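Take a look at the structure set out below.
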2 protein chains.
Amino acid sequence: MNEPLSVWGWGHASKFPPTEERNALAEQVGMMLGLPGLSAKEPVALDDVEMPAPRIEIPASLASFCTIDKAERARHSYGRSFPDILRGFQGRYDSPPDIVAYPTKEAHIEAALSWCSEHGVRLIPFGGGTSVVGGVESRRSDDSQAVMSLDLTKMDRVLSVDETNLTARIQAGARGPVLEEQLASQGLTLRHFPQSFEFSTLGGWVATRAGGHFATLYTHIDDLVSSVRMLTPSGVWQTRTLPASGAGPDPNRIVLGSEGALGVITEAEVRVRPKPRWRAKANVHFTDWQQALDAVRSIAQSGLYPANCRLLDAREAMLHSVSFDQSHVLLLGFESAHHNVESWLQQALAIAESFGGTLPEPPKVTDAQEGNKARGSQDGAAAQAWRQSFLYAPYLFNTLVSLGVLVDTFETACTWSQFPALHAAVIKNVRGALKEQCGTGFLSCRFTHVYPDGPAPYYTFIGPAQEGREIEQWLAVKSAASQTLYDFGATSTHHHAVGRYHRPWYAQEVPELYLQTLQAAKETLDPAGILNPGVLLQDPKDPNPDNLL
Amino acid sequence: MNEPLSVWGWGHASKFPPTEERNALAEQVGMMLGLPGLSAKEPVALDDVEMPAPRIEIPASLASFCTIDKAERARHSYGRSFPDILRGFQGRYDSPPDIVAYPTKEAHIEAALSWCSEHGVRLIPFGGGTSVVGGVESRRSDDSQAVMSLDLTKMDRVLSVDETNLTARIQAGARGPVLEEQLASQGLTLRHFPQSFEFSTLGGWVATRAGGHFATLYTHIDDLVSSVRMLTPSGVWQTRTLPASGAGPDPNRIVLGSEGALGVITEAEVRVRPKPRWRAKANVHFTDWQQALDAVRSIAQSGLYPANCRLLDAREAMLHSVSFDQSHVLLLGFESAHHNVESWLQQALAIAESFGGTLPEPPKVTDAQEGNKARGSQDGAAAQAWRQSFLYAPYLFNTLVSLGVLVDTFETACTWSQFPALHAAVIKNVRGALKEQCGTGFLSCRFTHVYPDGPAPYYTFIGPAQEGREIEQWLAVKSAASQTLYDFGATSTHHHAVGRYHRPWYAQEVPELYLQTLQAAKETLDPAGILNPGVLLQDPKDPNPDNLL
């Protein structure tokens with residue numbers, strides 16, 4: 001876990017492939033996407049980056065846990081969206097944080113909050129830094145205000161586990177693998193696996209209402225939190241650990257989704273579970289998109305609650321090497337620590353088959369206590385391809401950026417009734433924007449989560465970038481996507497958060513009175529307005545608050 | 001549905017039993033509880049009630065939907081807690097609302113909100129009037145301020161149903177049976193059955209975070225709401241209908257639990273479902289309380305998600321005529337519109353049996369499409385007794401009050417780890433208070449809902465009331481209960497809401513900063529402070545804000 005992180009790109013620095021490997025990929029990608037002539041460029045070395053000097057000195061009171069190290073300031077300048085990786089790759093750090101803080105205890109955070117409040121220094125809570133919405137960006141809208149990036153990752157302990165309640169109190173800076181490793185020693189797991197899992201933190205998940213592993217039932221981190229602890233400039237917000245309550249508007253739900261604008265989340269008590277013993281899964285192919293939709297909706301409304309119920313459209317299936325025959329593929333899976341789930345899978349498959357679904361491979365049923373002697377096929381090539389591709393996708397962004405490719409994803413949720421019109425409009429408008437900006441492009445769709453009343457569609461778009469115009473191209477496509485989601489009744493984000501990129505549409509999606517209420521909450525908790533300005537709420541000092549970048 | 005409602009008691013006036021019937025019950029109750037010498041008294045007739053005259057006239061602009069009718073003012077004076085029914089029975093209406101409004105459209109509500117804001121008239125949103133926490137009480141803390149009770153029950157239409165999404169848009173004033181009847185015409189059901197179902201309204205459920213039919217999984221109305229519409233003095237709060245979102249703190253969750261203090265809820269889009277076809281149920285008996293607890297916890301953590309999983313302790317089982325042999329009884333049931341749930345029940349029963357549970361009657365499995373030709377026994381006497389008793393219990397309050405019996409319930413939620421100490425303390429402290437106040441008393445417990453991390457215990461207490469001291473007795477026992485819940489880490493309410501009775505403990509249970517945030521929200525939405533003052537938040541004009549009554 002101590003392997004050095006990339007300053008500019010996703011994940012560990014060592015995983016950025018050498019030039020020849022990237023050039024090999026360039027050819028593949030070029031063929032697949034019809035983008036000939038791609039070739040690998042090299043990132044600007046940190047030594048060659050010119051970075052503005054810090055505008056403020058670290059005070060003695062915070063010196064023990066703060067730094068102005070250039071690499072740290074660079075790494076904390078951005079999240080990991082396309083424009084973030086691009087700017088990092090090109091060595092463009094116009095607006096780094098002045099100071100990076102690594103608190104190791106709450107007293108550090110309290111000291112930082114009060115020093116920043118007193119001196120008008122903006123404070124940006126930073127977990128894994130995996131935001132793809134501009135959520136941790138130290139943008140200098142008001143050049144007179146210095147910025148501190150507050151990195152929580154040194155507060156990463158599982159503080160206690162209650163095996164009777166199946167809950168654990170965990171520090172907010174714990175990354176996915178760090179907390180899972182500690183829980184595993186007691187046979188337990190949080191099983192919250194967003195795609196960013198390797199680097200994102202519990203505090204980041206809570207702040208952004210992250211979506212997790214399960215396709216149905218309790219999967220947003222919202223559902224897994226039984227209490228939270230948040231430090232604010234006005235004091236401590238600690239809720240009571242409860243399985244449920246009906247007492248007033250839920251005090252956890254104000255923290256969930258607060259995106260660092262209301263306080264610094266330091267701990268949460270979360271619901272854990274034993275590792276699953278039984279698993280049953282199958283991949284179902286559909287030739288007809290509407291039939292695939294009807295099947296997924298019917299399964300989502302059946303009360304069977306599959307752990308996995310991901311529908312990949314034919315392009316997405318191809319992109320992830322799951323299928324190359326133009327089939328739409330439904331990845332269906334059940335799991336349980338308590339009971340064999342084969343009959344659950346059989347009932348879901350019966351639904352899928354009634355809508356024309358077919359199974360190229362037999363279902364796979366495993367019992368971990370029988371040493372994984374699977375009945376049915378071993379994990380098929382398709383399922384393996386998906387898992388590998390899912391985990392590797394964020395790394396691929398680094399490579400694609402180095403090849404001059406424009407690549408990004410966006411996601412949402414809407415009702416089943418709204419989805420067909422939304423999907424048609426997304427295809428028309430986003431492909432249209434790609435064509436206009438890039439000449440050509442690729443757009444695919446999958447469902448990451450499904451609910452009885454609607455799906456959470458997730459789109460990937462790819463096109464050739466034009467050197468010097470990448471940001472402009474991205475802004476046009478991204479804006480077309482967000483505007484379409486808004487126009488067709490969908491939400492600005494299902495699990496990527498609002499940040500800066502979605503704020504202009506979020507502000508229209510929610511009631512104006514809600515925004516005023518949120519502003520009033522902010523003024524109560526953060527009277528000096530230092531916490532992550534411009535995220536969720538307009539930054540009053542930003543002359544161009546509706547600019548995404 | 002047009003049968004006249006009781007002015008002072010629960011439900012329809014016609015259901016209050018004649019004197020001889022109540023005297024017969026007096027003997028039964030007396031034997032069961034060891035309370036000899038009970039006899040039926042008669043309620044004070046409305047004609048004999050002296051009621052303060054309205055302090056303000058209905059303005060012409062609101063005349064079409066407002067009244068100062070004496071019976072209406074009396075019926076809107078209180079909810080239906082023990083002190084409410086008692087005061088009504090005794091004809092004590094010291095503090096009725098000055099005006100009762102029956103809006104039939106949103107324009108009426110907007111006119112009422114703006115007239116009340118302008119004239120400093122307090123406005124209390126009123127649904128079924130079934131609050132047991134002082135949530136709809138027109139208390140005159142500041143005698144200069146007139147009070148309007150705004151009764152929503154004339155706005156009770158299902159406005160639209162989406163059979164693809166399985167959602168329905170329903171007006172807030174629809175009572176349980178009224179909305180179910182409209183949904184039933186399309187084969188759908190909300191299946192939200194709080195004990196108050198017959199009279200309570202959708203808007204009331206949303207405002208109080210009502211707990212529903214299902215013992216596990218999505219059961220709080222919170223989980224069933226996909227959007228809400230609320231009118232406030234500052235304008236409209238309308239959220240977007242979405243299956244899920246990760247965009248900022250959830251704007252629905254601020255309305256959920258707002259108890260009329262932030263606005264008047266007028267509509268909600270809710271998740272409905274087909275009526276269940278398959279049912280499987282059984283009653284499991286336990287002689288050992290700890291084994292019963294372990295069984296219920298294990299089922300709650302199994303991922304089987306029973307629709308019913310109510311544990312009655314031996315006293316509760318006796319009270320509801322479910323069992324008289326000192327057994328603790330677990331009512332276990334599964335239901336589905338999609339699949340036969342017999343194997344689900346069998347797996348849950350295997351857990352129960354592994355903890356020493358026994359089945360006096362075989363499980364009952366039914367398929368509605370086979371004309372309810374049940375396998376196994378017909379619904380046993382025990383199950384019938386429970387259902388009848390559950391629905392009749394609120395009516396019983398009327399009779400018990402007329403017999404001079406002190407009776408009330410309180411409920412909470414806590415973790416499994418905390419429950420044994422909490423339960424022991426409740427028994428000690430509440431029985432102690434009963435003994436001190438009443439000389440003797442009865443206390444029973446059931447779980448209404450269970451979660452992987454803890455149960456929602458529900459207590460009933462009964463004791464002999466002393467004429468003229470009933471309120472004092474009740475205050476002592478109720479306060480002992482609330483203080484014990486607070487001291488042992490439980491919540492002040494799982495589904496009865498905060499209202500006025502729980503506010504002093506609620507204010508300690510939640511973060512002080514949360515209360516400040518809620519206050520800031522109130523000032524944003526209700527600048528004149530007219531909405532239900534004293535509920536959730538302290539009434540600044542109340543000289544004794546911590547008095548429950």
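Chains: A, B, ... in order of the structure tokens. Residues: from 1 per chain. Ligands: from 1, in order shown.
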Nearby residues (only C-alpha atoms) at most 8 Å from region 449-464 of chain A, same-chain spacing under 5 positions excluded, as an NGL selection string: (:A and (33 or 35 or 214-217 or 296-297 or 300-301 or 309-310 or 404-417 or 419 or 434 or 438-444 or 494)) or (:B and (164-167 or 242-244 or 271))
Within 6 Å of chain B, which residues of chain A are there when counting only C-alpha atoms? Please give them as a PDB file with C-alpha atoms, in the first residue's frame.
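File produced: selection.pdb:
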```pdb
ATOM      1  CA  ASN A 165     -24.553  -5.729  15.632  1.00  0.00           C
ATOM      2  CA  ARG A 209     -23.122   9.312  -1.498  1.00  0.00           C
ATOM      3  CA  TRP A 237     -21.596  16.867  14.566  1.00  0.00           C
ATOM      4  CA  GLN A 238     -21.748  13.385  16.072  1.00  0.00           C
ATOM      5  CA  LEU A 242     -28.880   3.508  15.611  1.00  0.00           C
ATOM      6  CA  PRO A 243     -30.293   0.818  13.336  1.00  0.00           C
ATOM      7  CA  SER A 245     -34.980   6.202  13.793  1.00  0.00           C
ATOM      8  CA  GLY A 246     -38.041   8.263  12.992  1.00  0.00           C
ATOM      9  CA  ALA A 247     -36.958  11.305  14.975  1.00  0.00           C
ATOM     10  CA  GLY A 248     -37.020  14.385  12.765  1.00  0.00           C
ATOM     11  CA  PRO A 249     -35.237  14.797   9.432  1.00  0.00           C
ATOM     12  CA  ILE A 254     -27.497  15.984   5.814  1.00  0.00           C
ATOM     13  CA  LEU A 256     -24.344  12.251   3.345  1.00  0.00           C
ATOM     14  CA  GLY A 257     -23.738  14.172   0.131  1.00  0.00           C
ATOM     15  CA  SER A 258     -22.311  17.247   1.842  1.00  0.00           C
ATOM     16  CA  SER A 302     -39.553  -9.172  -8.611  1.00  0.00           C
ATOM     17  CA  HIS A 338     -26.414 -17.606   4.946  1.00  0.00           C
ATOM     18  CA  CYS A 414     -34.334   8.013 -14.052  1.00  0.00           C
ATOM     19  CA  TRP A 416     -38.266   3.232 -16.388  1.00  0.00           C
ATOM     20  CA  ASP A 453     -38.856   2.287 -10.349  1.00  0.00           C
ATOM     21  CA  GLY A 454     -35.915   2.855 -12.658  1.00  0.00           C
ATOM     22  CA  THR A 493     -25.631  12.227 -10.809  1.00  0.00           C
ATOM     23  CA  HIS A 494     -26.441   8.834  -9.332  1.00  0.00           C
ATOM     24  CA  HIS A 495     -23.110   8.275  -7.585  1.00  0.00           C
ATOM     25  CA  ALA A 497     -21.522  13.528  -6.843  1.00  0.00           C
ATOM     26  CA  VAL A 498     -22.218  17.133  -7.834  1.00  0.00           C
ATOM     27  CA  PRO A 511     -35.956  23.138  -5.404  1.00  0.00           C
ATOM     28  CA  THR A 517     -31.811  25.789   3.085  1.00  0.00           C
ATOM     29  CA  ALA A 520     -28.401  28.391   5.584  1.00  0.00           C
ATOM     30  CA  ALA A 521     -26.934  25.111   6.861  1.00  0.00           C
TER      31      ALA A 521
END
```
Strand (DSSP E or B) per DSSP on the backbone: members of region 138-297 of chain A, as a ChimeraX atom specification: /A:147-151,158-162,167-171,175,188-189,201,211,220,225-232,235-238,264-271,273-274,278-286
Surrounding residues of Lys41 (chain A) excluding itself and chain neighbours under 2 positions, 12 Å, only C-alpha atoms, as number ranges by chain: A: 17-23, 26, 38-39, 43-44, 86, 89-90, 398-405, 467
Contacts of Ala172 (chain B) at 9 Å (only C-alpha atoms; same-chain gap of 2+ positions) as a PyMOL selection string: chain B and resi 127+152-153+155-157+170+174-175+201-206+265-268
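Excluding Pro194 (chain B) itself and same-chain residues fewer than 2 positions from it, the residues having an atom within 8 Å of it are His192, Ser196, Phe197, Ala210, Gly211, Gly212 and His213 of chain B, counting only C-alpha atoms.
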Residues of region 165-375 of chain B in alpha helix (DSSP H), written as JSON, numbers by chain: {"B": [176, 177, 178, 179, 180, 181, 182, 183, 184, 202, 203, 204, 205, 206, 207, 208, 221, 222, 223, 224, 252, 253, 254, 255, 289, 290, 291, 292, 293, 294, 295, 296, 297, 298, 299, 300, 314, 315, 316, 317, 318, 319, 342, 343, 344, 345, 346, 347, 348, 349, 350, 351, 352, 353, 354]}
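For Gly333 (chain B), the non-local neighbours within 7 Å, defined as residues at least 4 positions apart in the same chain or in other chains and counting only C-alpha atoms, are Ala280, Lys281, Ala282, Pro306, Ala307, Asn308, Cys309 and Leu345 of chain B.
The gap separating CA of Ser64 (chain B) from CA of Ala101 (chain B) is 9.2 Å, in Å to one decimal.
Counting only C-alpha atoms and comparing A:Ala261, A:Leu359, A:Ala381, A:Val365, the residue that lies closest to Val341 (chain A) is A:Val365.
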Contacts of Gly91 (chain A) within 12 Å, only C-alpha atoms, excl. fewer than 6 positions in-chain, as an MDAnalysis selection string: chainID A and resid 7:9 42:51 71 74:75 77:78 83:85
Write out, as an mmCIF file, in the first residue's frame, the residues just selected, with N, CA and C atoms.
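Written file, result_39.cif:
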```cif
data_model
loop_
_atom_site.group_PDB
_atom_site.id
_atom_site.type_symbol
_atom_site.label_atom_id
_atom_site.label_comp_id
_atom_site.auth_asym_id
_atom_site.auth_seq_id
_atom_site.Cartn_x
_atom_site.Cartn_y
_atom_site.Cartn_z
ATOM 1 N N VAL A 7 1.482 11.357 -9.573
ATOM 2 C CA VAL A 7 1.188 12.765 -9.278
ATOM 3 C C VAL A 7 0.025 13.262 -10.134
ATOM 4 N N TRP A 8 -0.044 12.810 -11.358
ATOM 5 C CA TRP A 8 -0.996 13.387 -12.306
ATOM 6 C C TRP A 8 -2.102 12.431 -12.725
ATOM 7 N N GLY A 9 -1.880 11.111 -12.585
ATOM 8 C CA GLY A 9 -2.854 10.182 -13.157
ATOM 9 C C GLY A 9 -3.496 9.296 -12.111
ATOM 10 N N GLU A 42 4.430 11.629 -23.799
ATOM 11 C CA GLU A 42 4.955 11.453 -22.426
ATOM 12 C C GLU A 42 4.450 12.578 -21.531
ATOM 13 N N PRO A 43 4.199 12.249 -20.264
ATOM 14 C CA PRO A 43 3.768 13.294 -19.337
ATOM 15 C C PRO A 43 4.894 14.275 -19.058
ATOM 16 N N VAL A 44 4.543 15.512 -18.782
ATOM 17 C CA VAL A 44 5.539 16.510 -18.387
ATOM 18 C C VAL A 44 6.073 16.134 -17.007
ATOM 19 N N ALA A 45 7.390 16.068 -16.896
ATOM 20 C CA ALA A 45 7.989 15.696 -15.611
ATOM 21 C C ALA A 45 7.754 16.807 -14.598
ATOM 22 N N LEU A 46 7.595 16.397 -13.362
ATOM 23 C CA LEU A 46 7.291 17.369 -12.311
ATOM 24 C C LEU A 46 8.369 18.454 -12.221
ATOM 25 N N ASP A 47 9.602 18.049 -12.456
ATOM 26 C CA ASP A 47 10.688 19.033 -12.394
ATOM 27 C C ASP A 47 10.503 20.151 -13.424
ATOM 28 N N ASP A 48 9.841 19.835 -14.496
ATOM 29 C CA ASP A 48 9.644 20.840 -15.545
ATOM 30 C C ASP A 48 8.379 21.672 -15.342
ATOM 31 N N VAL A 49 7.640 21.353 -14.315
ATOM 32 C CA VAL A 49 6.398 22.093 -14.066
ATOM 33 C C VAL A 49 6.713 23.391 -13.340
ATOM 34 N N GLU A 50 6.131 24.481 -13.845
ATOM 35 C CA GLU A 50 6.225 25.744 -13.114
ATOM 36 C C GLU A 50 4.962 25.906 -12.298
ATOM 37 N N MET A 51 5.137 26.098 -11.025
ATOM 38 C CA MET A 51 3.996 26.124 -10.122
ATOM 39 C C MET A 51 4.049 27.401 -9.300
ATOM 40 N N ALA A 71 5.438 17.997 -5.136
ATOM 41 C CA ALA A 71 4.689 16.830 -5.624
ATOM 42 C C ALA A 71 3.359 16.708 -4.888
ATOM 43 N N ALA A 74 1.050 19.276 -6.233
ATOM 44 C CA ALA A 74 0.580 18.883 -7.570
ATOM 45 C C ALA A 74 -0.491 17.799 -7.466
ATOM 46 N N ARG A 75 -0.208 16.792 -6.664
ATOM 47 C CA ARG A 75 -1.142 15.656 -6.576
ATOM 48 C C ARG A 75 -2.482 16.070 -5.972
ATOM 49 N N SER A 77 -3.883 18.980 -6.479
ATOM 50 C CA SER A 77 -4.479 20.065 -7.278
ATOM 51 C C SER A 77 -5.793 19.658 -7.916
ATOM 52 N N TYR A 78 -5.892 18.382 -8.263
ATOM 53 C CA TYR A 78 -7.034 17.926 -9.042
ATOM 54 C C TYR A 78 -7.569 16.609 -8.513
ATOM 55 N N PRO A 83 -10.408 16.124 -17.602
ATOM 56 C CA PRO A 83 -9.611 17.373 -17.610
ATOM 57 C C PRO A 83 -8.531 17.382 -16.528
ATOM 58 N N ASP A 84 -8.788 16.690 -15.416
ATOM 59 C CA ASP A 84 -7.788 16.635 -14.351
ATOM 60 C C ASP A 84 -6.535 15.886 -14.820
ATOM 61 N N ILE A 85 -6.761 14.683 -15.361
ATOM 62 C CA ILE A 85 -5.621 13.861 -15.799
ATOM 63 C C ILE A 85 -4.900 14.561 -16.949
#
```
Between CA of Val158 (chain A) and CA of Lys105 (chain A), distance in Å (one decimal): 13.9 Å
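With CA of Ala421 (chain B) on one side and CA of Glu269 (chain A) on the other, the separation reads 20.6 Å.
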